[in-house]
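Participant: This is the content of protein_25.pdb (PDB, C-alpha atoms, pLDDT in the B column):
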```
ATOM      1  CA  MET A   1      57.298   6.358  59.599  1.00 50.00           C
ATOM      2  CA  ASN A   2      55.737   8.800  57.155  1.00 50.00           C
ATOM      3  CA  SER A   3      57.666   7.155  54.310  1.00 54.00           C
ATOM      4  CA  ILE A   4      56.226   3.746  55.233  1.00 50.00           C
ATOM      5  CA  LEU A   5      52.673   5.130  55.276  1.00 46.00           C
ATOM      6  CA  ARG A   6      53.139   6.791  51.880  1.00 55.00           C
ATOM      7  CA  LEU A   7      54.458   3.485  50.441  1.00 51.00           C
ATOM      8  CA  ILE A   8      51.476   1.552  51.805  1.00 51.00           C
ATOM      9  CA  GLY A   9      49.091   4.134  50.319  1.00 52.00           C
ATOM     10  CA  LEU A  10      50.721   3.922  46.892  1.00 50.00           C
ATOM     11  CA  ILE A  11      50.490   0.113  46.955  1.00 53.00           C
ATOM     12  CA  MET A  12      46.781   0.225  47.831  1.00 52.00           C
ATOM     13  CA  LEU A  13      46.082   2.831  45.112  1.00 46.00           C
ATOM     14  CA  GLY A  14      47.801   0.600  42.555  1.00 51.00           C
ATOM     15  CA  ILE A  15      45.695  -2.388  43.619  1.00 46.00           C
ATOM     16  CA  LEU A  16      42.465  -0.355  43.248  1.00 42.00           C
ATOM     17  CA  LEU A  17      43.460   0.991  39.815  1.00 43.00           C
ATOM     18  CA  THR A  18      44.403  -2.495  38.569  1.00 45.00           C
ATOM     19  CA  GLY A  19      41.092  -3.943  39.798  1.00 46.00           C
ATOM     20  CA  GLY A  20      39.147  -1.249  37.989  1.00 44.00           C
ATOM     21  CA  ILE A  21      40.944  -1.914  34.704  1.00 39.00           C
ATOM     22  CA  VAL A  22      40.362  -5.684  34.954  1.00 39.00           C
ATOM     23  CA  SER A  23      36.709  -5.175  35.892  1.00 38.00           C
ATOM     24  CA  SER A  24      36.209  -2.833  32.954  1.00 38.00           C
ATOM     25  CA  PHE A  25      37.795  -5.391  30.607  1.00 36.00           C
ATOM     26  CA  TYR A  26      35.439  -8.176  31.719  1.00 36.00           C
ATOM     27  CA  VAL A  27      32.342  -5.951  31.508  1.00 32.00           C
ATOM     28  CA  HIS A  28      33.105  -5.140  27.854  1.00 31.00           C
ATOM     29  CA  SER A  29      33.851  -8.798  27.083  1.00 31.00           C
ATOM     30  CA  ILE A  30      30.467  -9.899  28.467  1.00 25.00           C
ATOM     31  CA  GLU A  31      28.652  -7.160  26.525  1.00 22.00           C
ATOM     32  CA  ALA A  32      30.392  -8.281  23.308  1.00 28.00           C
ATOM     33  CA  ALA A  33      29.288 -11.849  23.973  1.00 28.00           C
ATOM     34  CA  LEU A  34      25.656 -10.628  24.080  1.00 26.00           C
ATOM     35  CA  THR A  35      25.888  -8.838  20.731  1.00 24.00           C
ATOM     36  CA  VAL A  36      25.903 -10.243  17.190  1.00 25.00           C
ATOM     37  CA  THR A  37      26.469  -8.537  13.872  1.00 24.00           C
ATOM     38  CA  ALA A  38      23.529  -8.562  11.468  1.00 26.00           C
ATOM     39  CA  ASN A  39      24.286  -9.621   7.875  1.00 27.00           C
ATOM     40  CA  GLY A  40      27.905  -8.481   8.173  1.00 28.00           C
ATOM     41  CA  SER A  41      26.776  -4.844   7.957  1.00 26.00           C
ATOM     42  CA  GLY A  42      28.155  -3.788  11.285  1.00 27.00           C
ATOM     43  CA  ALA A  43      24.699  -3.217  12.759  1.00 25.00           C
ATOM     44  CA  SER A  44      24.292  -4.789  16.166  1.00 23.00           C
ATOM     45  CA  ILE A  45      21.389  -6.829  17.527  1.00 23.00           C
ATOM     46  CA  SER A  46      21.167  -7.245  21.275  1.00 25.00           C
ATOM     47  CA  ILE A  47      20.325 -10.758  22.452  1.00 25.00           C
ATOM     48  CA  PRO A  48      17.748 -10.582  25.265  1.00 29.00           C
ATOM     49  CA  THR A  49      18.568 -12.143  28.586  1.00 29.00           C
ATOM     50  CA  THR A  50      15.112 -13.814  28.697  1.00 32.00           C
ATOM     51  CA  THR A  51      13.899 -16.357  26.121  1.00 32.00           C
ATOM     52  CA  THR A  52      10.487 -17.493  24.930  1.00 33.00           C
ATOM     53  CA  SER A  53       9.499 -20.879  23.582  1.00 34.00           C
ATOM     54  CA  THR A  54       6.692 -22.062  21.302  1.00 33.00           C
ATOM     55  CA  PRO A  55       3.840 -23.663  23.283  1.00 39.00           C
ATOM     56  CA  ARG A  56       3.896 -27.430  23.013  1.00 35.00           C
ATOM     57  CA  ASN A  57       0.367 -27.539  21.569  1.00 38.00           C
ATOM     58  CA  ALA A  58       0.906 -24.783  18.990  1.00 40.00           C
ATOM     59  CA  VAL A  59      -0.190 -25.654  15.448  1.00 38.00           C
ATOM     60  CA  SER A  60       2.581 -25.458  12.853  1.00 39.00           C
ATOM     61  CA  PRO A  61       1.807 -23.364   9.760  1.00 45.00           C
ATOM     62  CA  VAL A  62       0.762 -25.304   6.658  1.00 39.00           C
ATOM     63  CA  THR A  63       2.711 -24.663   3.459  1.00 47.00           C
ATOM     64  CA  THR A  64       0.919 -25.227   0.177  1.00 58.00           C
ATOM     65  CA  ASN A  65       3.066 -26.279  -2.753  1.00 92.00           C
ATOM     66  CA  ILE A  66       1.447 -24.623  -5.761  1.00 92.00           C
ATOM     67  CA  LEU A  67       2.616 -26.196  -9.011  1.00 93.00           C
ATOM     68  CA  ALA A  68       0.668 -24.031 -11.467  1.00 90.00           C
ATOM     69  CA  GLN A  69      -2.131 -21.482 -11.371  1.00 91.00           C
ATOM     70  CA  ASP A  70      -3.850 -18.960 -13.613  1.00 91.00           C
ATOM     71  CA  THR A  71      -6.731 -16.499 -13.293  1.00 92.00           C
ATOM     72  CA  PHE A  72      -6.548 -15.533 -16.992  1.00 91.00           C
ATOM     73  CA  GLN A  73      -6.673 -11.828 -16.244  1.00 91.00           C
ATOM     74  CA  ARG A  74      -5.137 -10.859 -19.585  1.00 89.00           C
ATOM     75  CA  PRO A  75      -6.304  -8.866 -22.609  1.00 91.00           C
ATOM     76  CA  ASP A  76      -8.178 -10.747 -25.341  1.00 92.00           C
ATOM     77  CA  GLN A  77      -5.827 -12.971 -27.321  1.00 90.00           C
ATOM     78  CA  LEU A  78      -5.605 -16.189 -29.262  1.00 89.00           C
ATOM     79  CA  PHE A  79      -4.505 -19.189 -27.165  1.00 87.00           C
ATOM     80  CA  TRP A  80      -4.322 -19.361 -23.362  1.00 86.00           C
ATOM     81  CA  GLY A  81      -0.613 -18.991 -22.715  1.00 76.00           C
ATOM     82  CA  THR A  82       1.621 -21.887 -21.630  1.00 66.00           C
ATOM     83  CA  ALA A  83      -0.677 -24.932 -21.437  1.00 58.00           C
ATOM     84  CA  SER A  84      -0.148 -27.670 -24.034  1.00 55.00           C
ATOM     85  CA  ASP A  85      -2.768 -27.700 -26.831  1.00 56.00           C
ATOM     86  CA  ALA A  86      -3.956 -24.347 -25.503  1.00 61.00           C
ATOM     87  CA  ILE A  87      -0.990 -22.751 -27.274  1.00 54.00           C
ATOM     88  CA  ARG A  88      -1.481 -24.667 -30.526  1.00 61.00           C
ATOM     89  CA  LYS A  89      -5.193 -25.006 -31.290  1.00 75.00           C
ATOM     90  CA  ASN A  90      -7.343 -22.112 -32.386  1.00 86.00           C
ATOM     91  CA  VAL A  91     -10.288 -23.173 -30.218  1.00 91.00           C
ATOM     92  CA  PHE A  92      -8.448 -21.674 -27.218  1.00 92.00           C
ATOM     93  CA  SER A  93      -8.511 -17.950 -26.492  1.00 93.00           C
ATOM     94  CA  ILE A  94      -8.637 -15.370 -23.727  1.00 93.00           C
ATOM     95  CA  THR A  95     -11.958 -13.537 -23.981  1.00 93.00           C
ATOM     96  CA  ALA A  96     -13.400 -11.037 -21.499  1.00 94.00           C
ATOM     97  CA  ARG A  97     -10.811 -11.927 -18.807  1.00 92.00           C
ATOM     98  CA  ALA A  98     -11.503 -15.658 -18.929  1.00 94.00           C
ATOM     99  CA  ALA A  99     -10.090 -18.669 -20.757  1.00 94.00           C
ATOM    100  CA  GLN A 100     -12.401 -19.836 -23.520  1.00 95.00           C
ATOM    101  CA  ALA A 101     -12.647 -22.915 -25.730  1.00 95.00           C
ATOM    102  CA  ALA A 102     -15.055 -22.539 -28.631  1.00 94.00           C
ATOM    103  CA  GLY A 103     -15.467 -23.179 -32.337  1.00 92.00           C
ATOM    104  CA  GLY A 104     -14.360 -26.793 -32.250  1.00 91.00           C
ATOM    105  CA  ARG A 105     -15.749 -30.292 -31.980  1.00 93.00           C
ATOM    106  CA  GLY A 106     -14.038 -33.079 -30.057  1.00 93.00           C
ATOM    107  CA  ALA A 107     -11.720 -33.425 -27.047  1.00 94.00           C
ATOM    108  CA  TYR A 108      -9.144 -30.798 -26.126  1.00 93.00           C
ATOM    109  CA  ASP A 109      -6.409 -30.992 -23.467  1.00 93.00           C
ATOM    110  CA  ALA A 110      -4.656 -28.159 -21.661  1.00 92.00           C
ATOM    111  CA  THR A 111      -1.937 -29.533 -19.354  1.00 90.00           C
ATOM    112  CA  LEU A 112       0.762 -27.654 -17.470  1.00 85.00           C
ATOM    113  CA  GLY A 113       3.003 -27.881 -14.445  1.00 84.00           C
ATOM    114  CA  PRO A 114       5.599 -30.588 -13.731  1.00 90.00           C
ATOM    115  CA  LEU A 115       5.412 -34.367 -14.051  1.00 93.00           C
ATOM    116  CA  ILE A 116       4.141 -35.515 -10.639  1.00 95.00           C
ATOM    117  CA  SER A 117       2.524 -38.443  -8.833  1.00 96.00           C
ATOM    118  CA  ASP A 118       0.305 -36.912  -6.145  1.00 97.00           C
ATOM    119  CA  ALA A 119      -1.492 -33.693  -6.982  1.00 97.00           C
ATOM    120  CA  GLU A 120      -4.796 -31.860  -6.859  1.00 97.00           C
ATOM    121  CA  VAL A 121      -6.442 -29.715  -9.522  1.00 98.00           C
ATOM    122  CA  ASP A 122      -9.263 -27.317  -8.857  1.00 96.00           C
ATOM    123  CA  PHE A 123     -10.809 -24.960 -11.378  1.00 98.00           C
ATOM    124  CA  SER A 124     -13.896 -22.833 -11.882  1.00 98.00           C
ATOM    125  CA  GLY A 125     -15.646 -22.986 -15.214  1.00 98.00           C
ATOM    126  CA  SER A 126     -18.888 -23.157 -17.148  1.00 98.00           C
ATOM    127  CA  MET A 127     -20.353 -24.652 -20.324  1.00 98.00           C
ATOM    128  CA  SER A 128     -22.855 -22.827 -22.504  1.00 98.00           C
ATOM    129  CA  GLN A 129     -24.675 -26.171 -22.741  1.00 97.00           C
ATOM    130  CA  PHE A 130     -24.032 -29.738 -21.633  1.00 96.00           C
ATOM    131  CA  ASN A 131     -25.251 -31.239 -24.902  1.00 90.00           C
ATOM    132  CA  GLN A 132     -22.920 -34.217 -25.425  1.00 94.00           C
ATOM    133  CA  SER A 133     -20.210 -32.021 -23.890  1.00 97.00           C
ATOM    134  CA  ASN A 134     -18.327 -32.005 -20.602  1.00 98.00           C
ATOM    135  CA  ILE A 135     -15.711 -30.070 -18.688  1.00 98.00           C
ATOM    136  CA  GLY A 136     -13.205 -31.584 -16.301  1.00 98.00           C
ATOM    137  CA  ALA A 137      -9.738 -31.913 -14.777  1.00 98.00           C
ATOM    138  CA  VAL A 138      -7.051 -34.488 -15.539  1.00 98.00           C
ATOM    139  CA  LEU A 139      -4.316 -35.973 -13.344  1.00 98.00           C
ATOM    140  CA  ARG A 140      -1.429 -38.304 -14.181  1.00 98.00           C
ATOM    141  CA  TRP A 141      -2.010 -37.374 -17.814  1.00 97.00           C
ATOM    142  CA  THR A 142       0.563 -39.015 -20.108  1.00 95.00           C
ATOM    143  CA  ASP A 143      -0.948 -38.392 -23.544  1.00 94.00           C
ATOM    144  CA  THR A 144      -4.379 -38.033 -25.118  1.00 94.00           C
ATOM    145  CA  ASN A 145      -5.023 -41.769 -24.655  1.00 96.00           C
ATOM    146  CA  ASP A 146      -3.755 -42.279 -21.081  1.00 98.00           C
ATOM    147  CA  TRP A 147      -5.054 -40.306 -18.075  1.00 98.00           C
ATOM    148  CA  TYR A 148      -7.418 -39.976 -15.133  1.00 98.00           C
ATOM    149  CA  LYS A 149     -10.221 -37.428 -15.451  1.00 98.00           C
ATOM    150  CA  SER A 150     -13.037 -36.052 -13.323  1.00 98.00           C
ATOM    151  CA  TYR A 151     -15.745 -34.080 -15.100  1.00 98.00           C
ATOM    152  CA  ILE A 152     -19.335 -32.881 -15.076  1.00 98.00           C
ATOM    153  CA  ASP A 153     -21.634 -33.617 -18.005  1.00 98.00           C
ATOM    154  CA  GLY A 154     -24.845 -31.954 -16.824  1.00 97.00           C
ATOM    155  CA  ASN A 155     -26.154 -34.980 -14.926  1.00 98.00           C
ATOM    156  CA  ASN A 156     -23.233 -36.498 -13.023  1.00 98.00           C
ATOM    157  CA  LEU A 157     -19.815 -35.928 -11.539  1.00 98.00           C
ATOM    158  CA  VAL A 158     -17.722 -38.695 -13.078  1.00 98.00           C
ATOM    159  CA  VAL A 159     -14.258 -40.137 -12.455  1.00 98.00           C
ATOM    160  CA  LEU A 160     -12.910 -41.809 -15.578  1.00 98.00           C
ATOM    161  CA  LYS A 161      -9.678 -43.412 -16.714  1.00 98.00           C
ATOM    162  CA  ARG A 162      -8.451 -43.969 -20.237  1.00 98.00           C
ATOM    163  CA  VAL A 163      -5.805 -46.573 -21.014  1.00 98.00           C
ATOM    164  CA  ALA A 164      -4.490 -46.969 -24.562  1.00 97.00           C
ATOM    165  CA  GLY A 165      -7.598 -45.188 -25.784  1.00 95.00           C
ATOM    166  CA  MET A 166     -10.054 -47.396 -23.863  1.00 97.00           C
ATOM    167  CA  ALA A 167     -12.203 -45.467 -21.348  1.00 97.00           C
ATOM    168  CA  THR A 168     -13.465 -46.972 -18.071  1.00 97.00           C
ATOM    169  CA  ARG A 169     -15.819 -45.229 -15.660  1.00 98.00           C
ATOM    170  CA  LEU A 170     -14.428 -45.682 -12.142  1.00 98.00           C
ATOM    171  CA  GLY A 171     -17.175 -43.886 -10.245  1.00 98.00           C
ATOM    172  CA  ALA A 172     -19.937 -41.276 -10.460  1.00 98.00           C
ATOM    173  CA  PHE A 173     -22.206 -39.113  -8.315  1.00 98.00           C
ATOM    174  CA  PRO A 174     -25.498 -37.528  -9.450  1.00 98.00           C
ATOM    175  CA  PHE A 175     -24.997 -33.788  -9.980  1.00 98.00           C
ATOM    176  CA  VAL A 176     -27.234 -31.567 -12.124  1.00 98.00           C
ATOM    177  CA  ALA A 177     -25.257 -28.783 -13.788  1.00 98.00           C
ATOM    178  CA  LYS A 178     -26.814 -26.023 -15.877  1.00 98.00           C
ATOM    179  CA  GLY A 179     -25.464 -24.214 -18.899  1.00 97.00           C
ATOM    180  CA  GLY A 180     -23.942 -20.796 -18.309  1.00 97.00           C
ATOM    181  CA  VAL A 181     -23.455 -21.403 -14.560  1.00 98.00           C
ATOM    182  CA  LEU A 182     -20.003 -21.383 -12.941  1.00 98.00           C
ATOM    183  CA  TYR A 183     -18.979 -24.485 -10.994  1.00 98.00           C
ATOM    184  CA  THR A 184     -15.809 -25.341  -9.099  1.00 98.00           C
ATOM    185  CA  LEU A 185     -14.491 -28.878  -9.464  1.00 98.00           C
ATOM    186  CA  ARG A 186     -11.753 -30.322  -7.266  1.00 98.00           C
ATOM    187  CA  PHE A 187      -9.959 -33.516  -8.290  1.00 98.00           C
ATOM    188  CA  ARG A 188      -7.261 -35.145  -6.133  1.00 98.00           C
ATOM    189  CA  MET A 189      -4.915 -38.097  -6.629  1.00 97.00           C
ATOM    190  CA  ARG A 190      -2.919 -39.396  -3.663  1.00 96.00           C
ATOM    191  CA  GLY A 191      -1.290 -42.793  -3.886  1.00 97.00           C
ATOM    192  CA  THR A 192      -3.945 -45.018  -5.457  1.00 97.00           C
ATOM    193  CA  THR A 193      -6.904 -42.944  -4.246  1.00 98.00           C
ATOM    194  CA  LEU A 194      -8.817 -40.630  -6.566  1.00 98.00           C
ATOM    195  CA  SER A 195     -11.276 -38.160  -5.037  1.00 98.00           C
ATOM    196  CA  ALA A 196     -13.577 -35.583  -6.610  1.00 98.00           C
ATOM    197  CA  LYS A 197     -16.177 -33.008  -5.601  1.00 98.00           C
ATOM    198  CA  VAL A 198     -18.012 -30.168  -7.338  1.00 98.00           C
ATOM    199  CA  TRP A 199     -20.198 -27.259  -6.295  1.00 98.00           C
ATOM    200  CA  GLN A 200     -21.817 -24.162  -7.775  1.00 98.00           C
ATOM    201  CA  ASN A 201     -19.803 -20.980  -7.298  1.00 98.00           C
ATOM    202  CA  GLY A 202     -21.223 -18.913  -4.468  1.00 97.00           C
ATOM    203  CA  ASN A 203     -22.277 -22.024  -2.528  1.00 97.00           C
ATOM    204  CA  PRO A 204     -20.201 -23.590   0.263  1.00 97.00           C
ATOM    205  CA  GLU A 205     -17.717 -26.258  -0.715  1.00 98.00           C
ATOM    206  CA  PRO A 206     -19.012 -29.732   0.244  1.00 97.00           C
ATOM    207  CA  ALA A 207     -17.290 -31.042   3.350  1.00 97.00           C
ATOM    208  CA  ASN A 208     -16.878 -34.547   1.924  1.00 98.00           C
ATOM    209  CA  TRP A 209     -15.689 -35.943  -1.367  1.00 98.00           C
ATOM    210  CA  MET A 210     -18.549 -36.983  -3.631  1.00 98.00           C
ATOM    211  CA  VAL A 211     -16.592 -39.682  -5.464  1.00 98.00           C
ATOM    212  CA  THR A 212     -13.709 -41.695  -4.020  1.00 98.00           C
ATOM    213  CA  VAL A 213     -12.236 -44.647  -5.914  1.00 98.00           C
ATOM    214  CA  MET A 214      -9.026 -46.678  -5.995  1.00 98.00           C
ATOM    215  CA  ASP A 215      -6.847 -47.386  -9.032  1.00 98.00           C
ATOM    216  CA  ASN A 216      -3.133 -47.978  -9.654  1.00 97.00           C
ATOM    217  CA  THR A 217      -2.893 -47.890 -13.444  1.00 98.00           C
ATOM    218  CA  PHE A 218      -0.812 -44.714 -13.724  1.00 98.00           C
ATOM    219  CA  GLN A 219       2.044 -43.776 -11.394  1.00 96.00           C
ATOM    220  CA  SER A 220       2.703 -40.191 -12.514  1.00 97.00           C
ATOM    221  CA  GLY A 221       1.790 -37.634 -15.147  1.00 97.00           C
ATOM    222  CA  TYR A 222       0.652 -34.056 -15.682  1.00 95.00           C
ATOM    223  CA  GLY A 223      -2.309 -32.120 -14.355  1.00 96.00           C
ATOM    224  CA  GLY A 224      -4.633 -29.884 -16.324  1.00 95.00           C
ATOM    225  CA  LEU A 225      -8.000 -29.639 -18.051  1.00 96.00           C
ATOM    226  CA  ARG A 226      -9.787 -31.753 -20.639  1.00 96.00           C
ATOM    227  CA  LEU A 227     -12.863 -30.484 -22.474  1.00 96.00           C
ATOM    228  CA  VAL A 228     -15.241 -32.309 -24.799  1.00 96.00           C
ATOM    229  CA  LEU A 229     -17.110 -29.943 -27.104  1.00 96.00           C
ATOM    230  CA  GLU A 230     -19.931 -30.306 -29.602  1.00 95.00           C
ATOM    231  CA  ASN A 231     -20.490 -27.776 -32.363  1.00 94.00           C
ATOM    232  CA  GLY A 232     -21.527 -24.404 -30.988  1.00 95.00           C
ATOM    233  CA  ILE A 233     -20.622 -25.192 -27.349  1.00 97.00           C
ATOM    234  CA  VAL A 234     -18.498 -22.653 -25.470  1.00 97.00           C
ATOM    235  CA  ALA A 235     -16.458 -23.546 -22.377  1.00 97.00           C
ATOM    236  CA  ARG A 236     -15.171 -20.812 -20.070  1.00 97.00           C
ATOM    237  CA  ILE A 237     -12.566 -21.157 -17.300  1.00 97.00           C
ATOM    238  CA  THR A 238     -12.136 -18.351 -14.764  1.00 97.00           C
ATOM    239  CA  SER A 239      -9.470 -19.914 -12.545  1.00 96.00           C
ATOM    240  CA  PHE A 240      -7.130 -22.892 -12.411  1.00 96.00           C
ATOM    241  CA  LYS A 241      -4.776 -24.178  -9.718  1.00 96.00           C
ATOM    242  CA  GLU A 242      -2.690 -27.314  -9.314  1.00 96.00           C
ATOM    243  CA  THR A 243      -1.024 -28.187  -6.014  1.00 96.00           C
ATOM    244  CA  ALA A 244       1.122 -31.053  -4.773  1.00 96.00           C
ATOM    245  CA  THR A 245      -0.646 -33.282  -2.233  1.00 90.00           C
ATOM    246  CA  SER A 246       2.242 -35.412  -0.922  1.00 76.00           C
TER     247      SER A 246
END
```
Translate the structure of the given file into structure tokens.

Facilitator:
Amino acid sequence: MNSILRLIGLIMLGILLTGGIVSSFYVHSIEAALTVTANGSGASISIPTTTTSTPRNAVSPVTTNILAQDTFQRPDQLFWGTASDAIRKNVFSITARAAQAAGGRGAYDATLGPLISDAEVDFSGSMSQFNQSNIGAVLRWTDTNDWYKSYIDGNNLVVLKRVAGMATRLGAFPFVAKGGVLYTLRFRMRGTTLSAKVWQNGNPEPANWMVTVMDNTFQSGYGGLRLVLENGIVARITSFKETATS
């Protein structure tokens, strides 16, 4: 009788020990399933048992595609840096932590960034005088005879196109600009729509575009600046940025 009881006890003990081993195996398997290795380094990251989701009405972050920009914060030097013309013509220089064009007479281009269809240029700059001179941005620039331009000439904000050397005014808005005062001009091309606005630095940016026109002459080109100088006129640029708008 005692032998039978001892046999039953041993059988039950074996069952309990086997159950514990199996249970332990499954516990470790589940824990491993809730752990991932970070970057193959052997470090472990525990995955939480609760999850969170982004609210349905949350606003997605906006990514700005900057194509080119410059604040010209460099020591005094001849030429601007990487812009076309601005690395070849002696009218361009960096002076007192700003880009300067002076000592010339005529039109000067400074284009940079990639060939693109839809883009926006904004820059801050000033003219010592607006005597037969202007300062502006170009988009879809192909060469000195083919481009879109928006500029200020002291009396107006103008949107202009030039095709094979022939200039056509597409639109204008009255805007009095003074010599020696910094202004920010923003010029955008999206599809066939050209838009422009300008304001004095330190003042709020206008909520609406001042000039909006349609034209489909040019499909792509470069962005940049185009200055028209008379003798003795000095143009200064303190910042430039070109972004993609598509």

Participant: Residues picked by the PyMOL selection byres ((chain A and resi 209) around 8) here, as number ranges by chain?

Facilitator: A: 195-197, 206-208, 210-212

Participant: Can you work out which one of A:Val159, A:Leu115, A:Met127, A:Val228 has the shortest atom-to-atom distance to A:Trp141, counting only C-alpha atoms?

Facilitator: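 Residue with the minimum atom-to-atom distance to A:Trp141: A:Leu115.
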
Participant: Skip A:Gly223 itself and residues of its chain fewer than 6 positions away, then list as a ChimeraX atom specification all residues within 10 Å of it, counting all atoms listed in the file.

Facilitator: /A:67-68,110-121,137-142,147-149,187,241-243

Participant: Work out how far apart atom CA of A:Gln77 and atom CA of A:Asp122 are and give it in Å to one decimal.

Facilitator: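 Answer for the atom CA of A:Gln77 to atom CA of A:Asp122 separation: 23.6 Å.
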
Participant: Using the chain letters and residue numbers of this document, give as a PDB file with C-alpha atoms, in the coordinates of the input the residues selected by the PyMOL selection byres ((chain A and resi 229) around 9).

Facilitator:
```pdb
ATOM      1  CA  ALA A 101     -12.647 -22.915 -25.730  1.00 95.00           C
ATOM      2  CA  ALA A 102     -15.055 -22.539 -28.631  1.00 94.00           C
ATOM      3  CA  GLY A 103     -15.467 -23.179 -32.337  1.00 92.00           C
ATOM      4  CA  GLY A 104     -14.360 -26.793 -32.250  1.00 91.00           C
ATOM      5  CA  ARG A 105     -15.749 -30.292 -31.980  1.00 93.00           C
ATOM      6  CA  GLY A 106     -14.038 -33.079 -30.057  1.00 93.00           C
ATOM      7  CA  ALA A 107     -11.720 -33.425 -27.047  1.00 94.00           C
ATOM      8  CA  TYR A 108      -9.144 -30.798 -26.126  1.00 93.00           C
ATOM      9  CA  PHE A 130     -24.032 -29.738 -21.633  1.00 96.00           C
ATOM     10  CA  ASN A 131     -25.251 -31.239 -24.902  1.00 90.00           C
ATOM     11  CA  GLN A 132     -22.920 -34.217 -25.425  1.00 94.00           C
ATOM     12  CA  SER A 133     -20.210 -32.021 -23.890  1.00 97.00           C
ATOM     13  CA  ASN A 134     -18.327 -32.005 -20.602  1.00 98.00           C
ATOM     14  CA  ILE A 135     -15.711 -30.070 -18.688  1.00 98.00           C
ATOM     15  CA  LEU A 227     -12.863 -30.484 -22.474  1.00 96.00           C
ATOM     16  CA  VAL A 228     -15.241 -32.309 -24.799  1.00 96.00           C
ATOM     17  CA  GLU A 230     -19.931 -30.306 -29.602  1.00 95.00           C
ATOM     18  CA  ASN A 231     -20.490 -27.776 -32.363  1.00 94.00           C
ATOM     19  CA  GLY A 232     -21.527 -24.404 -30.988  1.00 95.00           C
ATOM     20  CA  ILE A 233     -20.622 -25.192 -27.349  1.00 97.00           C
ATOM     21  CA  VAL A 234     -18.498 -22.653 -25.470  1.00 97.00           C
ATOM     22  CA  ALA A 235     -16.458 -23.546 -22.377  1.00 97.00           C
TER      23      ALA A 235
END
```

Participant: Go ahead and compute the interatomic distance for atom CA of A:Val163 and atom CA of A:Asp146, in Å to one decimal.

Facilitator: 4.8 Å

Participant: With a distance cut-off of 6 Å and all atoms listed in the file, select the neighbouring residues of A:Thr192, excluding the residue or stretch itself and same-chain residues fewer than 5 positions from it, and output the selection as a count of residues only.

Facilitator: 3
